[in-house]
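Student: First the structure, then my questions, so here it is.
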Number of protein chains: 2
Amino acid sequence: MANISDVIEQFLVQLFADSDNVSISRNELANYFSCAPSQINYVLMTRFTPARGYVIESRRGGGGYINLTRLSDNRDKLLDELVNIPVSGGMTYTAAVQILHRLCESKILDENTAKLIAAIMSDKALIAPAVVKDGLRAGMMRSLAAALLKKEDKENG
Amino acid sequence: MANISDVIEQFLVQLFADSDNVSISRNELANYFSCAPSQINYVLMTRFTPARGYVIESRRGGGGYINLTRLSDNRDKLLDELVNIPVSGGMTYTAAVQILHRLCESKILDENTAKLIAAIMSDKALIAPAVVKDGLRAGMMRSLAAALLKKEDKENG
DNA sequence: GGTCAAAGGTCAAAGAAAGTCAAATAAGGA
DNA sequence: TCCTTATTTGACTTTCTTTGACCTTTGACC
C-alpha cells in the first residue's frame with residue numbers, strides 16, 4: 001500500500017462513510033496529497049468506475065467540482081453489464097430495442113420512455129455514416145445504464 | 001455552488017416564484033452581489049436564454065431596467081419547432097439540456113426521462129469526433145420531438 | 001437642439017477549474 | 001531477466017467564470 005493511488009482511494013472511500021454522495025475539488029485534493037491533479041483523475045478512472053458502482057459528474061471552470069455517487073450493491077444485473085459494454089463491439093438498433101424491452105420487463109423503464117429512447121437511437125436519428133452508428137448506440141446505451149443505475153439507487157434508498 | 005453566477009441565478013429564479021415577470025436594475029443587482037455589472041449579463045446570457053423559455057427586454061439610460069419574462073410554453077409549437085430543427089445548425093449539449101428542461105416545464109417530459117435522455121445525448125455518450133457531436137444531437141432531438149408528437153397524437157385520439 | 005449623466009451592452013483578456021494524453025517510472029510475473 | 005501492467009508526472013487543452021475597459025442609448029435639463 002505504498003502507492004499514492006491506493007491512499008487517495010482509501011481517503012475517498014472514507015468520505016463515503018457518512019453519505020453516498022461526495023463532492024471534491026480536484027486541485028485541493030491533489031494539493032492535499034502533494035500529487036499531480038491528473039493523479040486524481042487516474043484514481044477515479046481506475047477505482048471509482050461504474051463497474052465498481054460509482055458514478056462521476058464534474059464541472060470545469062470557476063466553482064468547478066467533481067461529484068462522486070456511490071451506488072448500492074444490489075444493482076440490476078443487466079444494468080451492471082450494460083455499463084461495461086465495450087463500445088468496440090457496437091450495438092445494432094435491433095439489439096438496442098431488445099435491451100430496452102428487457103429493461104421494461106424489469107420495470108426499470110416504462111414503455112413510453114423506452115419508445116422515446118428507441119427513437120433517439122434509431123438509424124434515422126443518428127446522422128452519421130452507417131459504420132459508426134452501432135458504436136454510437138453502444139456508447140449511448142452505456143451512458144443510459146449509468147444514469148439508470150444512479151436513479152435506481154436513489155429510489156431504493 | 002461556490003460561484004457567483006449560480007448564486008445570482010438562484011436569486012433570480014426565486015423572484016419568479018410569484019410572477020412570470022421580473023424587473024431588475026443591473027447596477028443595483030451587481031452592487032448587491034459585489035460583482036461587475038457585466039456579470040449580470042453573463043448570468044442572463046447563460047441561464048435565462050430563450051432555449052430555457054425566457055425573454056429579456058431592457059432599456060438603457062436614466063430609469064433603465066432589465067425585464068425578464070418567463071414564457072409558458074405552447075406545447076405543440078415547441079415540438080413543431082424541434083421537429084424541423086436543421087441538423088446543420090447543430091446543438092450543443094448545453095442547448096439540448098435547456099430544451100429538455102423546457103419540455104419538462106411543459107409537462108411533455110418528466111424529470112426522470114429528461115435526465116436519461118440528457119445522459120444519452122452527453123458528450124461522453126456520443127463516441128465520435130467532437131465536430132460531429134452537435135449535429136448528432138440535433139438529429140436525435142428531432143427524432144425525439146417526432147416521437148413525442150406521435151405520442152401526443154395518439155393520446156388525443 | 002445640444003450636453004451630460006445614468007443606465008445598460010459588448011467584448012476580450014485573465015483566471016479558475018477540470019480533462020486528456022503520452023512519456024517516464026515502478027512493480028510484478030513468467 | 002524481460003515483458004507486461006500499473007502508477008506517476010507534467011505539458012497542454014477545454015470549459016466556464018470573473019473583471020474591466022470602452023461603447024451606445026436614453027432622458028433630463030439648459
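Residues are named by chain letter and number: chains run A, B, ... in the order of the C-alpha cells, numbers start at 1 in each chain, and ligands are numbered from 1 in the order shown.
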Could you list, as a compact mmCIF listing (two decimals) with N, CA and C atoms (P, O5', C5', C4', C3', O3' and C1' of nucleotides), in the first residue's frame, every residue within 10 Å of DT8 in chain D, counting only C-alpha atoms (C1' of nucleotides) and ignoring same-chain residues fewer than 6 positions away?

Tutor:
```
# COMPACT_ATOMS: atom_id res chain seq x y z
N ASN A 3 1.63 2.99 -2.59
CA ASN A 3 1.41 3.97 -3.65
C ASN A 3 0.29 4.96 -3.35
N ILE A 4 0.47 6.16 -3.88
CA ILE A 4 -0.46 7.24 -3.56
C ILE A 4 -1.87 6.92 -4.01
N SER A 5 -1.97 6.28 -5.15
CA SER A 5 -3.31 5.99 -5.67
C SER A 5 -4.16 5.26 -4.64
N CYS A 35 0.27 15.69 -5.03
CA CYS A 35 0.43 14.95 -6.26
C CYS A 35 -0.09 15.78 -7.43
N ALA A 36 0.14 15.28 -8.60
CA ALA A 36 -0.37 15.99 -9.77
C ALA A 36 -1.89 15.86 -9.80
N SER A 38 -3.79 15.41 -12.17
CA SER A 38 -4.28 14.33 -13.02
C SER A 38 -4.20 12.99 -12.31
N GLN A 39 -3.45 12.94 -11.23
CA GLN A 39 -3.41 11.72 -10.43
C GLN A 39 -4.81 11.42 -9.87
N TYR A 42 -6.72 9.75 -12.41
CA TYR A 42 -6.27 8.36 -12.52
C TYR A 42 -6.96 7.49 -11.48
P DA C 24 10.31 9.80 -22.21
O5' DA C 24 10.11 9.53 -20.66
C5' DA C 24 10.10 10.62 -19.76
C4' DA C 24 9.93 10.08 -18.36
C3' DA C 24 10.95 9.01 -17.99
O3' DA C 24 11.39 9.27 -16.67
C1' DA C 24 8.76 8.18 -17.68
P DT C 25 12.63 8.51 -16.07
O5' DT C 25 11.92 7.56 -15.00
C5' DT C 25 11.01 8.16 -14.09
C4' DT C 25 10.16 7.10 -13.45
C3' DT C 25 10.95 5.94 -12.84
O3' DT C 25 10.81 6.05 -11.44
C1' DT C 25 8.95 5.23 -13.91
P DA C 26 11.51 4.98 -10.47
O5' DA C 26 10.31 3.96 -10.22
C5' DA C 26 9.12 4.44 -9.63
C4' DA C 26 8.16 3.29 -9.46
C3' DA C 26 8.75 2.07 -8.72
O3' DA C 26 7.74 1.63 -7.84
C1' DA C 26 7.88 1.41 -10.81
```

Student: Can you check which residues of chain B have any atom within 9 Å of chain A? Use only C-alpha atoms and format it as a ChimeraX atom specification.

Tutor: /B:1-4,87,112-113,115-122,124-128,132,135-148,151

Student: With 7 Å as the limit and counting only C-alpha atoms (C1' of nucleotides), what residues in chain D lie close to chain A? Please list them as a short mmCIF file (atom, residue, chain, number, x, y, z; two decimals) with N, CA and C atoms (P, O5', C5', C4', C3', O3' and C1' of nucleotides), in the first residue's frame.

Tutor:
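Result file out.cif:
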```
data_model
loop_
_atom_site.label_atom_id
_atom_site.label_comp_id
_atom_site.auth_asym_id
_atom_site.auth_seq_id
_atom_site.Cartn_x
_atom_site.Cartn_y
_atom_site.Cartn_z
P DT D 9 4.65 11.65 -8.38
"O5'" DT D 9 4.93 12.57 -9.65
"C5'" DT D 9 5.25 11.95 -10.81
"C4'" DT D 9 5.58 12.91 -11.93
"C3'" DT D 9 5.16 14.37 -11.75
"O3'" DT D 9 6.28 15.18 -12.07
"C1'" DT D 9 4.17 13.43 -13.72
P DT D 15 -14.77 22.39 -25.06
"O5'" DT D 15 -15.17 22.93 -23.63
"C5'" DT D 15 -15.28 22.03 -22.56
"C4'" DT D 15 -15.58 22.81 -21.31
"C3'" DT D 15 -16.66 23.87 -21.47
"O3'" DT D 15 -17.62 23.64 -20.46
"C1'" DT D 15 -14.77 24.79 -20.40
P DC D 16 -19.02 24.40 -20.48
"O5'" DC D 16 -18.83 25.46 -19.31
"C5'" DC D 16 -18.49 25.00 -18.02
"C4'" DC D 16 -18.05 26.18 -17.22
"C3'" DC D 16 -19.02 27.36 -17.23
"O3'" DC D 16 -19.46 27.54 -15.89
"C1'" DC D 16 -16.77 28.07 -17.52
P DT D 17 -20.37 28.80 -15.48
"O5'" DT D 17 -19.25 29.86 -15.03
"C5'" DT D 17 -18.30 29.45 -14.07
"C4'" DT D 17 -17.44 30.62 -13.66
"C3'" DT D 17 -18.16 31.90 -13.27
"O3'" DT D 17 -17.71 32.24 -11.97
"C1'" DT D 17 -16.40 32.37 -14.79
#
```

Student: Using DSSP on the backbone coordinates, identify the residues of range 12-47 of chain A assigned to alpha helix (DSSP H); present them as JSON, numbers by chain.

Tutor: {"A": [12, 13, 14, 15, 26, 27, 28, 29, 30, 31, 32, 37, 38, 39, 40, 41, 42, 43, 44, 45, 46, 47]}

Student: Starting from chain C, keep only residues with some atom at most 8 Å from an atom of chain B, counting only C-alpha atoms (C1' of nucleotides), and report them as a JSON list (two decimals) with C-alpha atoms (C1' of nucleotides), in the first residue's frame.

Tutor:
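Contents of result35.json, freshly written:
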```json
[["chain", "number", "residue", "atom", "x", "y", "z"],
["C", 6, "DA", "C1'", -27.22, 57.48, -15.97],
["C", 7, "DA", "C1'", -28.19, 53.28, -17.46],
["C", 8, "DG", "C1'", -27.41, 49.09, -19.89]]
```

Student: Taking 2 positions as the minimum chain separation for residues in the same chain, which residues sit within 7 Å of Val22 in chain A when counting only C-alpha atoms (C1' of nucleotides)? Answer as a PDB file with N, CA and C atoms, in the first residue's frame.

Tutor:
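Output (result-v2.pdb):
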```pdb
ATOM      1  N   LEU A  15     -14.681   8.998   2.931  1.00  0.00           N
ATOM      2  CA  LEU A  15     -15.648  10.083   2.816  1.00  0.00           C
ATOM      3  C   LEU A  15     -17.052   9.532   2.597  1.00  0.00           C
ATOM      4  N   PHE A  16     -17.107   8.317   2.108  1.00  0.00           N
ATOM      5  CA  PHE A  16     -18.413   7.721   1.852  1.00  0.00           C
ATOM      6  C   PHE A  16     -19.028   7.117   3.106  1.00  0.00           C
ATOM      7  N   ASP A  20     -23.707   8.846   0.577  1.00  0.00           N
ATOM      8  CA  ASP A  20     -23.457   8.174  -0.689  1.00  0.00           C
ATOM      9  C   ASP A  20     -23.047   9.169  -1.753  1.00  0.00           C
ATOM     10  N   ILE A  24     -15.812  16.763  -4.313  1.00  0.00           N
ATOM     11  CA  ILE A  24     -14.428  17.154  -4.042  1.00  0.00           C
ATOM     12  C   ILE A  24     -13.956  18.191  -5.040  1.00  0.00           C
ATOM     13  N   ASN A  67     -18.081  15.315  -8.538  1.00  0.00           N
ATOM     14  CA  ASN A  67     -19.079  14.725  -7.671  1.00  0.00           C
ATOM     15  C   ASN A  67     -19.092  13.214  -7.832  1.00  0.00           C
ATOM     16  N   LEU A  68     -18.952  12.520  -6.720  1.00  0.00           N
ATOM     17  CA  LEU A  68     -18.967  11.057  -6.776  1.00  0.00           C
ATOM     18  C   LEU A  68     -20.216  10.516  -6.096  1.00  0.00           C
ATOM     19  N   THR A  69     -20.862   9.603  -6.733  1.00  0.00           N
ATOM     20  CA  THR A  69     -22.030   8.953  -6.146  1.00  0.00           C
ATOM     21  C   THR A  69     -21.774   7.463  -6.054  1.00  0.00           C
TER      22      THR A  69
END
```

Student: Would you mind telling me which residue in A:Pro86, A:Ile40, A:Thr49, A:Glu57 lies nearest to DT7 in chain D when using only C-alpha atoms (C1' of nucleotides)?

Tutor: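 The shortest atom-to-atom distance to DT7 in chain D comes from A:Ile40.
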
Student: From a DSSP pass on the backbone, collect the residues of range 7-118 of chain B flagged as strand (DSSP E) and hand them back as an MDAnalysis selection string.

Tutor: chainID B and resid 21:24 54:59 65:70

Student: Selected residues, C-alpha atoms, written as a short mmCIF file (atom, residue, chain, number, x, y, z; two decimals), in the first residue's frame, please.

Tutor:
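Printed below is result_5.cif as written:
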```cif
data_model
loop_
_atom_site.label_atom_id
_atom_site.label_comp_id
_atom_site.auth_asym_id
_atom_site.auth_seq_id
_atom_site.Cartn_x
_atom_site.Cartn_y
_atom_site.Cartn_z
CA ASN B 21 -42.33 38.79 -14.96
CA VAL B 22 -39.38 40.21 -13.12
CA SER B 23 -37.79 43.60 -13.44
CA ILE B 24 -34.33 44.35 -12.18
CA TYR B 54 -37.09 33.27 -21.04
CA VAL B 55 -37.31 36.52 -22.92
CA ILE B 56 -35.31 39.55 -21.95
CA GLU B 57 -36.07 43.15 -22.69
CA SER B 58 -34.11 46.09 -21.45
CA ARG B 59 -33.69 49.78 -21.68
CA TYR B 65 -34.14 48.40 -16.46
CA ILE B 66 -33.91 44.78 -17.43
CA ASN B 67 -37.10 42.86 -17.74
CA LEU B 68 -37.26 39.10 -17.63
CA THR B 69 -40.29 37.19 -18.75
CA ARG B 70 -40.84 33.52 -18.37
#
```

Student: What lies within 12 Å of DT3 in chain C using only C-alpha atoms (C1' of nucleotides), ignoring chain neighbours under 4 positions off, as a PyMOL selection string?

Tutor: chain D and resi 27-30

Student: Residues within 12 Å of DA30 in chain C, please, as a list in words. Count only C-alpha atoms (C1' of nucleotides); anything in the same chain fewer than 3 positions from it doesn't count.

Tutor: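 Near neighbours after the sequence-gap exclusion: DT1, DC2, DC3 and DT4 of chain D.
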
Student: Given the selection you just returned, output its residues as a file containing N, CA and C atoms (P, O5', C5', C4', C3', O3' and C1' of nucleotides), formatted as a PDB file, in the first residue's frame.

Tutor:
```pdb
ATOM      1  P    DT D   1      18.686  -8.158 -14.300  1.00  0.00           P
ATOM      2  O5'  DT D   1      18.324  -9.309 -15.340  1.00  0.00           O
ATOM      3  C5'  DT D   1      19.191 -10.095 -16.106  1.00  0.00           C
ATOM      4  C4'  DT D   1      18.311 -10.761 -17.111  1.00  0.00           C
ATOM      5  C3'  DT D   1      17.603  -9.765 -18.018  1.00  0.00           C
ATOM      6  O3'  DT D   1      17.485 -10.327 -19.324  1.00  0.00           O
ATOM      7  C1'  DT D   1      15.991 -11.029 -16.833  1.00  0.00           C
ATOM      8  P    DC D   2      17.345  -9.314 -20.535  1.00  0.00           P
ATOM      9  O5'  DC D   2      15.797  -9.460 -20.915  1.00  0.00           O
ATOM     10  C5'  DC D   2      15.224 -10.763 -21.050  1.00  0.00           C
ATOM     11  C4'  DC D   2      13.732 -10.611 -21.242  1.00  0.00           C
ATOM     12  C3'  DC D   2      13.327  -9.335 -21.952  1.00  0.00           C
ATOM     13  O3'  DC D   2      12.192  -9.643 -22.739  1.00  0.00           O
ATOM     14  C1'  DC D   2      12.360  -9.355 -19.808  1.00  0.00           C
ATOM     15  P    DC D   3      11.632  -8.660 -23.828  1.00  0.00           P
ATOM     16  O5'  DC D   3      10.071  -8.834 -23.623  1.00  0.00           O
ATOM     17  C5'  DC D   3       9.570 -10.085 -23.125  1.00  0.00           C
ATOM     18  C4'  DC D   3       8.287  -9.818 -22.359  1.00  0.00           C
ATOM     19  C3'  DC D   3       7.452  -8.678 -22.950  1.00  0.00           C
ATOM     20  O3'  DC D   3       6.113  -9.117 -23.044  1.00  0.00           O
ATOM     21  C1'  DC D   3       7.830  -8.289 -20.633  1.00  0.00           C
ATOM     22  P    DT D   4       5.026  -8.247 -23.806  1.00  0.00           P
ATOM     23  O5'  DT D   4       3.965  -7.977 -22.644  1.00  0.00           O
ATOM     24  C5'  DT D   4       3.701  -9.015 -21.689  1.00  0.00           C
ATOM     25  C4'  DT D   4       3.039  -8.393 -20.473  1.00  0.00           C
ATOM     26  C3'  DT D   4       2.029  -7.298 -20.820  1.00  0.00           C
ATOM     27  O3'  DT D   4       0.840  -7.590 -20.109  1.00  0.00           O
ATOM     28  C1'  DT D   4       3.549  -6.525 -19.181  1.00  0.00           C
TER      29       DT D   4
END
```

Student: Using C1' of DG28 in chain C and C1' of DA6 in chain D as the two end points, give the distance in Å to one decimal.

Tutor: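 Separating C1' of DG28 in chain C from C1' of DA6 in chain D is a distance of 9.6 Å.
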
Student: Please report the interatomic distance between CA of Arg47 in chain B and CA of Leu100 in chain B in Å with one decimal.

Tutor: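 CA of Leu100 in chain B lies 14.0 Å from CA of Arg47 in chain B.
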